[in-house]
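Printed here is query_18.cif (mmCIF, N, CA and C atoms):
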data_data
loop_
_atom_site.group_PDB
_atom_site.id
_atom_site.type_symbol
_atom_site.label_atom_id
_atom_site.label_comp_id
_atom_site.auth_asym_id
_atom_site.auth_seq_id
_atom_site.Cartn_x
_atom_site.Cartn_y
_atom_site.Cartn_z
ATOM 1 N N MET A 1 25.391 2.150 22.384
ATOM 2 C CA MET A 1 25.614 2.331 20.973
ATOM 3 C C MET A 1 24.585 1.501 20.201
ATOM 4 N N MET A 2 23.906 2.141 19.271
ATOM 5 C CA MET A 2 22.856 1.461 18.504
ATOM 6 C C MET A 2 23.387 1.090 17.125
ATOM 7 N N ALA A 3 23.305 -0.170 16.807
ATOM 8 C CA ALA A 3 23.760 -0.637 15.500
ATOM 9 C C ALA A 3 22.638 -0.488 14.478
ATOM 10 N N THR A 4 22.994 -0.095 13.279
ATOM 11 C CA THR A 4 22.017 0.013 12.205
ATOM 12 C C THR A 4 21.799 -1.371 11.614
ATOM 13 N N LYS A 5 20.547 -1.798 11.614
ATOM 14 C CA LYS A 5 20.245 -3.108 11.049
ATOM 15 C C LYS A 5 19.798 -2.941 9.604
ATOM 16 N N GLU A 6 20.421 -3.705 8.744
ATOM 17 C CA GLU A 6 20.051 -3.689 7.340
ATOM 18 C C GLU A 6 19.190 -4.912 7.060
ATOM 19 N N LEU A 7 18.222 -4.731 6.178
ATOM 20 C CA LEU A 7 17.347 -5.842 5.827
ATOM 21 C C LEU A 7 18.086 -6.875 4.986
ATOM 22 N N ALA A 8 17.759 -8.123 5.221
ATOM 23 C CA ALA A 8 18.299 -9.204 4.396
ATOM 24 C C ALA A 8 17.618 -9.152 3.028
ATOM 25 N N ILE A 9 18.240 -9.765 2.039
ATOM 26 C CA ILE A 9 17.704 -9.716 0.669
ATOM 27 C C ILE A 9 16.303 -10.317 0.603
ATOM 28 N N HIS A 10 16.037 -11.399 1.332
ATOM 29 C CA HIS A 10 14.703 -12.000 1.276
ATOM 30 C C HIS A 10 13.663 -11.082 1.924
ATOM 31 N N GLU A 11 14.069 -10.308 2.914
ATOM 32 C CA GLU A 11 13.153 -9.352 3.533
ATOM 33 C C GLU A 11 12.839 -8.211 2.568
ATOM 34 N N LYS A 12 13.855 -7.736 1.864
ATOM 35 C CA LYS A 12 13.641 -6.687 0.863
ATOM 36 C C LYS A 12 12.709 -7.167 -0.241
ATOM 37 N N LEU A 13 12.897 -8.411 -0.658
ATOM 38 C CA LEU A 13 12.038 -8.965 -1.708
ATOM 39 C C LEU A 13 10.594 -9.092 -1.239
ATOM 40 N N GLU A 14 10.398 -9.501 0.008
ATOM 41 C CA GLU A 14 9.040 -9.618 0.538
ATOM 42 C C GLU A 14 8.367 -8.252 0.665
ATOM 43 N N ILE A 15 9.122 -7.260 1.104
ATOM 44 C CA ILE A 15 8.573 -5.900 1.192
ATOM 45 C C ILE A 15 8.236 -5.391 -0.199
ATOM 46 N N HIS A 16 9.098 -5.666 -1.162
ATOM 47 C CA HIS A 16 8.836 -5.246 -2.541
ATOM 48 C C HIS A 16 7.564 -5.910 -3.072
ATOM 49 N N GLU A 17 7.389 -7.173 -2.735
ATOM 50 C CA GLU A 17 6.186 -7.887 -3.162
ATOM 51 C C GLU A 17 4.934 -7.261 -2.530
ATOM 52 N N LEU A 18 5.015 -6.915 -1.251
ATOM 53 C CA LEU A 18 3.892 -6.251 -0.586
ATOM 54 C C LEU A 18 3.610 -4.889 -1.209
ATOM 55 N N LEU A 19 4.668 -4.172 -1.528
ATOM 56 C CA LEU A 19 4.520 -2.865 -2.154
ATOM 57 C C LEU A 19 3.835 -2.986 -3.509
ATOM 58 N N THR A 20 4.218 -3.976 -4.277
ATOM 59 C CA THR A 20 3.594 -4.214 -5.582
ATOM 60 C C THR A 20 2.114 -4.543 -5.422
ATOM 61 N N LEU A 21 1.791 -5.388 -4.458
ATOM 62 C CA LEU A 21 0.399 -5.758 -4.209
ATOM 63 C C LEU A 21 -0.424 -4.553 -3.769
ATOM 64 N N LYS A 22 0.093 -3.763 -2.829
ATOM 65 C CA LYS A 22 -0.629 -2.589 -2.344
ATOM 66 C C LYS A 22 -0.858 -1.573 -3.458
ATOM 67 N N THR A 23 0.156 -1.392 -4.301
ATOM 68 C CA THR A 23 0.036 -0.452 -5.410
ATOM 69 C C THR A 23 -1.025 -0.925 -6.394
ATOM 70 N N SER A 24 -1.031 -2.206 -6.684
ATOM 71 C CA SER A 24 -2.022 -2.780 -7.586
ATOM 72 C C SER A 24 -3.434 -2.623 -7.019
ATOM 73 N N CYS A 25 -3.588 -2.889 -5.749
ATOM 74 C CA CYS A 25 -4.904 -2.756 -5.096
ATOM 75 C C CYS A 25 -5.372 -1.303 -5.099
ATOM 76 N N ALA A 26 -4.449 -0.380 -4.855
ATOM 77 C CA ALA A 26 -4.811 1.037 -4.860
ATOM 78 C C ALA A 26 -5.238 1.482 -6.250
ATOM 79 N N THR A 27 -4.549 1.000 -7.271
ATOM 80 C CA THR A 27 -4.914 1.336 -8.647
ATOM 81 C C THR A 27 -6.311 0.822 -8.975
ATOM 82 N N LYS A 28 -6.595 -0.395 -8.551
ATOM 83 C CA LYS A 28 -7.922 -0.972 -8.790
ATOM 84 C C LYS A 28 -8.984 -0.182 -8.034
ATOM 85 N N ALA A 29 -8.684 0.219 -6.807
ATOM 86 C CA ALA A 29 -9.648 0.981 -6.009
ATOM 87 C C ALA A 29 -9.964 2.326 -6.660
ATOM 88 N N VAL A 30 -8.949 2.988 -7.210
ATOM 89 C CA VAL A 30 -9.170 4.271 -7.899
ATOM 90 C C VAL A 30 -10.093 4.060 -9.095
ATOM 91 N N THR A 31 -9.854 3.002 -9.838
ATOM 92 C CA THR A 31 -10.692 2.697 -11.002
ATOM 93 C C THR A 31 -12.121 2.401 -10.573
ATOM 94 N N MET A 32 -12.268 1.595 -9.539
ATOM 95 C CA MET A 32 -13.607 1.226 -9.071
ATOM 96 C C MET A 32 -14.343 2.430 -8.487
ATOM 97 N N LEU A 33 -13.601 3.349 -7.872
ATOM 98 C CA LEU A 33 -14.214 4.530 -7.267
ATOM 99 C C LEU A 33 -14.984 5.343 -8.300
ATOM 100 N N GLU A 34 -14.466 5.380 -9.514
ATOM 101 C CA GLU A 34 -15.130 6.126 -10.585
ATOM 102 C C GLU A 34 -16.426 5.454 -11.042
ATOM 103 N N LEU A 35 -16.546 4.151 -10.810
ATOM 104 C CA LEU A 35 -17.711 3.405 -11.281
ATOM 105 C C LEU A 35 -18.806 3.248 -10.222
ATOM 106 N N VAL A 36 -18.434 3.365 -8.963
ATOM 107 C CA VAL A 36 -19.361 3.113 -7.861
ATOM 108 C C VAL A 36 -20.320 4.284 -7.694
ATOM 109 N N GLN A 37 -21.583 3.955 -7.467
ATOM 110 C CA GLN A 37 -22.584 4.996 -7.261
ATOM 111 C C GLN A 37 -23.076 5.056 -5.813
ATOM 112 N N ASP A 38 -22.951 3.951 -5.085
ATOM 113 C CA ASP A 38 -23.389 3.906 -3.695
ATOM 114 C C ASP A 38 -22.425 4.713 -2.816
ATOM 115 N N GLU A 39 -22.955 5.655 -2.052
ATOM 116 C CA GLU A 39 -22.123 6.551 -1.251
ATOM 117 C C GLU A 39 -21.388 5.825 -0.124
ATOM 118 N N LYS A 40 -22.032 4.846 0.491
ATOM 119 C CA LYS A 40 -21.368 4.094 1.564
ATOM 120 C C LYS A 40 -20.177 3.312 1.014
ATOM 121 N N LEU A 41 -20.364 2.698 -0.140
ATOM 122 C CA LEU A 41 -19.288 1.946 -0.766
ATOM 123 C C LEU A 41 -18.159 2.876 -1.189
ATOM 124 N N LYS A 42 -18.514 4.063 -1.725
ATOM 125 C CA LYS A 42 -17.500 5.050 -2.088
ATOM 126 C C LYS A 42 -16.677 5.451 -0.876
ATOM 127 N N SER A 43 -17.355 5.633 0.237
ATOM 128 C CA SER A 43 -16.672 6.016 1.466
ATOM 129 C C SER A 43 -15.695 4.930 1.915
ATOM 130 N N LEU A 44 -16.124 3.679 1.826
ATOM 131 C CA LEU A 44 -15.257 2.564 2.194
ATOM 132 C C LEU A 44 -14.029 2.484 1.277
ATOM 133 N N ILE A 45 -14.252 2.683 -0.006
ATOM 134 C CA ILE A 45 -13.151 2.635 -0.958
ATOM 135 C C ILE A 45 -12.179 3.791 -0.708
ATOM 136 N N GLU A 46 -12.710 4.978 -0.417
ATOM 137 C CA GLU A 46 -11.847 6.126 -0.132
ATOM 138 C C GLU A 46 -11.018 5.882 1.129
ATOM 139 N N ASP A 47 -11.630 5.295 2.162
ATOM 140 C CA ASP A 47 -10.891 4.949 3.381
ATOM 141 C C ASP A 47 -9.785 3.944 3.061
ATOM 142 N N ASP A 48 -10.107 2.955 2.245
ATOM 143 C CA ASP A 48 -9.118 1.962 1.855
ATOM 144 C C ASP A 48 -7.978 2.610 1.077
ATOM 145 N N LEU A 49 -8.300 3.548 0.209
ATOM 146 C CA LEU A 49 -7.269 4.256 -0.550
ATOM 147 C C LEU A 49 -6.347 5.048 0.371
ATOM 148 N N ASN A 50 -6.911 5.705 1.360
ATOM 149 C CA ASN A 50 -6.095 6.454 2.313
ATOM 150 C C ASN A 50 -5.168 5.518 3.078
ATOM 151 N N ASN A 51 -5.706 4.397 3.537
ATOM 152 C CA ASN A 51 -4.895 3.414 4.266
ATOM 153 C C ASN A 51 -3.822 2.811 3.359
ATOM 154 N N SER A 52 -4.184 2.520 2.125
ATOM 155 C CA SER A 52 -3.230 1.951 1.182
ATOM 156 C C SER A 52 -2.110 2.937 0.875
ATOM 157 N N SER A 53 -2.459 4.197 0.707
ATOM 158 C CA SER A 53 -1.452 5.219 0.433
ATOM 159 C C SER A 53 -0.458 5.329 1.582
ATOM 160 N N GLN A 54 -0.975 5.285 2.794
ATOM 161 C CA GLN A 54 -0.106 5.346 3.963
ATOM 162 C C GLN A 54 0.794 4.111 4.025
ATOM 163 N N ALA A 55 0.227 2.942 3.767
ATOM 164 C CA ALA A 55 1.005 1.697 3.791
ATOM 165 C C ALA A 55 2.087 1.711 2.709
ATOM 166 N N ILE A 56 1.756 2.229 1.540
ATOM 167 C CA ILE A 56 2.719 2.305 0.440
ATOM 168 C C ILE A 56 3.904 3.190 0.840
ATOM 169 N N GLU A 57 3.619 4.322 1.436
ATOM 170 C CA GLU A 57 4.694 5.215 1.864
ATOM 171 C C GLU A 57 5.564 4.569 2.932
ATOM 172 N N GLU A 58 4.951 3.855 3.869
ATOM 173 C CA GLU A 58 5.714 3.176 4.913
ATOM 174 C C GLU A 58 6.600 2.075 4.322
ATOM 175 N N LEU A 59 6.061 1.324 3.374
ATOM 176 C CA LEU A 59 6.855 0.270 2.736
ATOM 177 C C LEU A 59 8.015 0.863 1.947
ATOM 178 N N LYS A 60 7.773 2.000 1.283
ATOM 179 C CA LYS A 60 8.852 2.658 0.531
ATOM 180 C C LYS A 60 9.985 3.089 1.459
ATOM 181 N N THR A 61 9.633 3.588 2.647
ATOM 182 C CA THR A 61 10.686 4.019 3.573
ATOM 183 C C THR A 61 11.495 2.839 4.069
ATOM 184 N N LEU A 62 10.873 1.681 4.187
ATOM 185 C CA LEU A 62 11.612 0.493 4.614
ATOM 186 C C LEU A 62 12.625 0.065 3.576
ATOM 187 N N LEU A 63 12.325 0.295 2.317
ATOM 188 C CA LEU A 63 13.225 -0.125 1.239
ATOM 189 C C LEU A 63 14.367 0.861 0.995
ATOM 190 N N LYS A 64 14.267 2.070 1.556
ATOM 191 C CA LYS A 64 15.338 3.074 1.344
ATOM 192 C C LYS A 64 16.551 2.765 2.176
#
Would you kindly transcribe this structure into structure tokens?
Amino acid sequence: MMATKELAIHEKLEIHELLTLKTSCATKAVTMLELVQDEKLKSLIEDDLNNSSQAIEELKTLLK
């Protein structure tokens, strides 16, 4: 029998803090993407955005 483990309040708060940070970083990356002209840098920022989006979704599922 598998017991469902619920997160403690301090764990939820830490995940929320990480989610806020990731969201802020993704917003900044989107803004910077519009200003960057170097293609290699654009590629790096786009990769970071993809990774950040995935991390944001994973953090959201932890909070549900």
Quick one: distance from CA of Leu33 (chain A) to CA of Glu58 (chain A) in Å, one decimal?
23.4 Å
Do you know which residues are at most 8 Å from Leu18 (chain A) counting only N, CA and C atoms, after dropping those on the same chain fewer than 6 positions away, and could you put them as a ChimeraX atom specification?
/A:12,24,55-56,59
Export of prior selection with N, CA and C atoms as a JSON list (two decimals), in the coordinates of the input:
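Final output, saved to again-v2.json:
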[["chain", "number", "residue", "atom", "x", "y", "z"],
["A", 12, "LYS", "N", 13.86, -7.74, 1.86],
["A", 12, "LYS", "CA", 13.64, -6.69, 0.86],
["A", 12, "LYS", "C", 12.71, -7.17, -0.24],
["A", 24, "SER", "N", -1.03, -2.21, -6.68],
["A", 24, "SER", "CA", -2.02, -2.78, -7.59],
["A", 24, "SER", "C", -3.43, -2.62, -7.02],
["A", 55, "ALA", "N", 0.23, 2.94, 3.77],
["A", 55, "ALA", "CA", 1.00, 1.70, 3.79],
["A", 55, "ALA", "C", 2.09, 1.71, 2.71],
["A", 56, "ILE", "N", 1.76, 2.23, 1.54],
["A", 56, "ILE", "CA", 2.72, 2.31, 0.44],
["A", 56, "ILE", "C", 3.90, 3.19, 0.84],
["A", 59, "LEU", "N", 6.06, 1.32, 3.37],
["A", 59, "LEU", "CA", 6.86, 0.27, 2.74],
["A", 59, "LEU", "C", 8.02, 0.86, 1.95]]
Write out as a count of residues only all residues of chain A that DSSP puts in alpha helix (DSSP H) for this structure's backbone.
52
If you count all atoms listed in the file, which residues fall within 8 Å of region 43-51 of chain A, apart from same-chain ones fewer than 2 positions away, as an MDAnalysis selection string?
chainID A and resid 25:27 29:30 32:33 38:41 53:57
So what do you get for CA of Thr61 (chain A) versus CA of Thr20 (chain A), distance-wise?
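About the pair CA of Thr61 (chain A) and CA of Thr20 (chain A): they are 14.2 Å apart.
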I'd like to know which of A:Ser52, A:Leu35, A:Leu63, A:Ala8 is closest to Lys22 (chain A), using only C-alpha atoms.
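Distance minimum relative to Lys22 (chain A) lands on A:Ser52.
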Find the distance between CA of Thr23 (chain A) and atom N of Lys64 (chain A) and write it in Å to one decimal.
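These atoms are spaced 16.0 Å apart.
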N, CA, C and O atoms restored at region 8-26 of chain A, emitted as a PDB file, in the frame of the given file:
ATOM      1  N   ALA A   8      17.759  -8.123   5.221  1.00  0.00           N
ATOM      2  CA  ALA A   8      18.299  -9.204   4.396  1.00  0.00           C
ATOM      3  C   ALA A   8      17.618  -9.152   3.028  1.00  0.00           C
ATOM      4  O   ALA A   8      16.539  -8.581   2.877  1.00  0.00           O
ATOM      5  N   ILE A   9      18.240  -9.765   2.039  1.00  0.00           N
ATOM      6  CA  ILE A   9      17.704  -9.716   0.669  1.00  0.00           C
ATOM      7  C   ILE A   9      16.303 -10.317   0.603  1.00  0.00           C
ATOM      8  O   ILE A   9      15.430  -9.776  -0.087  1.00  0.00           O
ATOM      9  N   HIS A  10      16.037 -11.399   1.332  1.00  0.00           N
ATOM     10  CA  HIS A  10      14.703 -12.000   1.276  1.00  0.00           C
ATOM     11  C   HIS A  10      13.663 -11.082   1.924  1.00  0.00           C
ATOM     12  O   HIS A  10      12.511 -11.041   1.491  1.00  0.00           O
ATOM     13  N   GLU A  11      14.069 -10.308   2.914  1.00  0.00           N
ATOM     14  CA  GLU A  11      13.153  -9.352   3.533  1.00  0.00           C
ATOM     15  C   GLU A  11      12.839  -8.211   2.568  1.00  0.00           C
ATOM     16  O   GLU A  11      11.680  -7.779   2.455  1.00  0.00           O
ATOM     17  N   LYS A  12      13.855  -7.736   1.864  1.00  0.00           N
ATOM     18  CA  LYS A  12      13.641  -6.687   0.863  1.00  0.00           C
ATOM     19  C   LYS A  12      12.709  -7.167  -0.241  1.00  0.00           C
ATOM     20  O   LYS A  12      11.831  -6.426  -0.696  1.00  0.00           O
ATOM     21  N   LEU A  13      12.897  -8.411  -0.658  1.00  0.00           N
ATOM     22  CA  LEU A  13      12.038  -8.965  -1.708  1.00  0.00           C
ATOM     23  C   LEU A  13      10.594  -9.092  -1.239  1.00  0.00           C
ATOM     24  O   LEU A  13       9.653  -8.820  -1.997  1.00  0.00           O
ATOM     25  N   GLU A  14      10.398  -9.501   0.008  1.00  0.00           N
ATOM     26  CA  GLU A  14       9.040  -9.618   0.538  1.00  0.00           C
ATOM     27  C   GLU A  14       8.367  -8.252   0.665  1.00  0.00           C
ATOM     28  O   GLU A  14       7.187  -8.098   0.341  1.00  0.00           O
ATOM     29  N   ILE A  15       9.122  -7.260   1.104  1.00  0.00           N
ATOM     30  CA  ILE A  15       8.573  -5.900   1.192  1.00  0.00           C
ATOM     31  C   ILE A  15       8.236  -5.391  -0.199  1.00  0.00           C
ATOM     32  O   ILE A  15       7.193  -4.764  -0.409  1.00  0.00           O
ATOM     33  N   HIS A  16       9.098  -5.666  -1.162  1.00  0.00           N
ATOM     34  CA  HIS A  16       8.836  -5.246  -2.541  1.00  0.00           C
ATOM     35  C   HIS A  16       7.564  -5.910  -3.072  1.00  0.00           C
ATOM     36  O   HIS A  16       6.759  -5.283  -3.761  1.00  0.00           O
ATOM     37  N   GLU A  17       7.389  -7.173  -2.735  1.00  0.00           N
ATOM     38  CA  GLU A  17       6.186  -7.887  -3.162  1.00  0.00           C
ATOM     39  C   GLU A  17       4.934  -7.261  -2.530  1.00  0.00           C
ATOM     40  O   GLU A  17       3.912  -7.076  -3.203  1.00  0.00           O
ATOM     41  N   LEU A  18       5.015  -6.915  -1.251  1.00  0.00           N
ATOM     42  CA  LEU A  18       3.892  -6.251  -0.586  1.00  0.00           C
ATOM     43  C   LEU A  18       3.610  -4.889  -1.209  1.00  0.00           C
ATOM     44  O   LEU A  18       2.449  -4.506  -1.401  1.00  0.00           O
ATOM     45  N   LEU A  19       4.668  -4.172  -1.528  1.00  0.00           N
ATOM     46  CA  LEU A  19       4.520  -2.865  -2.154  1.00  0.00           C
ATOM     47  C   LEU A  19       3.835  -2.986  -3.509  1.00  0.00           C
ATOM     48  O   LEU A  19       2.941  -2.198  -3.833  1.00  0.00           O
ATOM     49  N   THR A  20       4.218  -3.976  -4.277  1.00  0.00           N
ATOM     50  CA  THR A  20       3.594  -4.214  -5.582  1.00  0.00           C
ATOM     51  C   THR A  20       2.114  -4.543  -5.422  1.00  0.00           C
ATOM     52  O   THR A  20       1.267  -4.020  -6.154  1.00  0.00           O
ATOM     53  N   LEU A  21       1.791  -5.388  -4.458  1.00  0.00           N
ATOM     54  CA  LEU A  21       0.399  -5.758  -4.209  1.00  0.00           C
ATOM     55  C   LEU A  21      -0.424  -4.553  -3.769  1.00  0.00           C
ATOM     56  O   LEU A  21      -1.521  -4.314  -4.291  1.00  0.00           O
ATOM     57  N   LYS A  22       0.093  -3.763  -2.829  1.00  0.00           N
ATOM     58  CA  LYS A  22      -0.629  -2.589  -2.344  1.00  0.00           C
ATOM     59  C   LYS A  22      -0.858  -1.573  -3.458  1.00  0.00           C
ATOM     60  O   LYS A  22      -1.915  -0.963  -3.557  1.00  0.00           O
ATOM     61  N   THR A  23       0.156  -1.392  -4.301  1.00  0.00           N
ATOM     62  CA  THR A  23       0.036  -0.452  -5.410  1.00  0.00           C
ATOM     63  C   THR A  23      -1.025  -0.925  -6.394  1.00  0.00           C
ATOM     64  O   THR A  23      -1.847  -0.127  -6.882  1.00  0.00           O
ATOM     65  N   SER A  24      -1.031  -2.206  -6.684  1.00  0.00           N
ATOM     66  CA  SER A  24      -2.022  -2.780  -7.586  1.00  0.00           C
ATOM     67  C   SER A  24      -3.434  -2.623  -7.019  1.00  0.00           C
ATOM     68  O   SER A  24      -4.367  -2.253  -7.742  1.00  0.00           O
ATOM     69  N   CYS A  25      -3.588  -2.889  -5.749  1.00  0.00           N
ATOM     70  CA  CYS A  25      -4.904  -2.756  -5.096  1.00  0.00           C
ATOM     71  C   CYS A  25      -5.372  -1.303  -5.099  1.00  0.00           C
ATOM     72  O   CYS A  25      -6.557  -1.018  -5.311  1.00  0.00           O
ATOM     73  N   ALA A  26      -4.449  -0.380  -4.855  1.00  0.00           N
ATOM     74  CA  ALA A  26      -4.811   1.037  -4.860  1.00  0.00           C
ATOM     75  C   ALA A  26      -5.238   1.482  -6.250  1.00  0.00           C
ATOM     76  O   ALA A  26      -6.204   2.234  -6.402  1.00  0.00           O
TER      77      ALA A  26
END
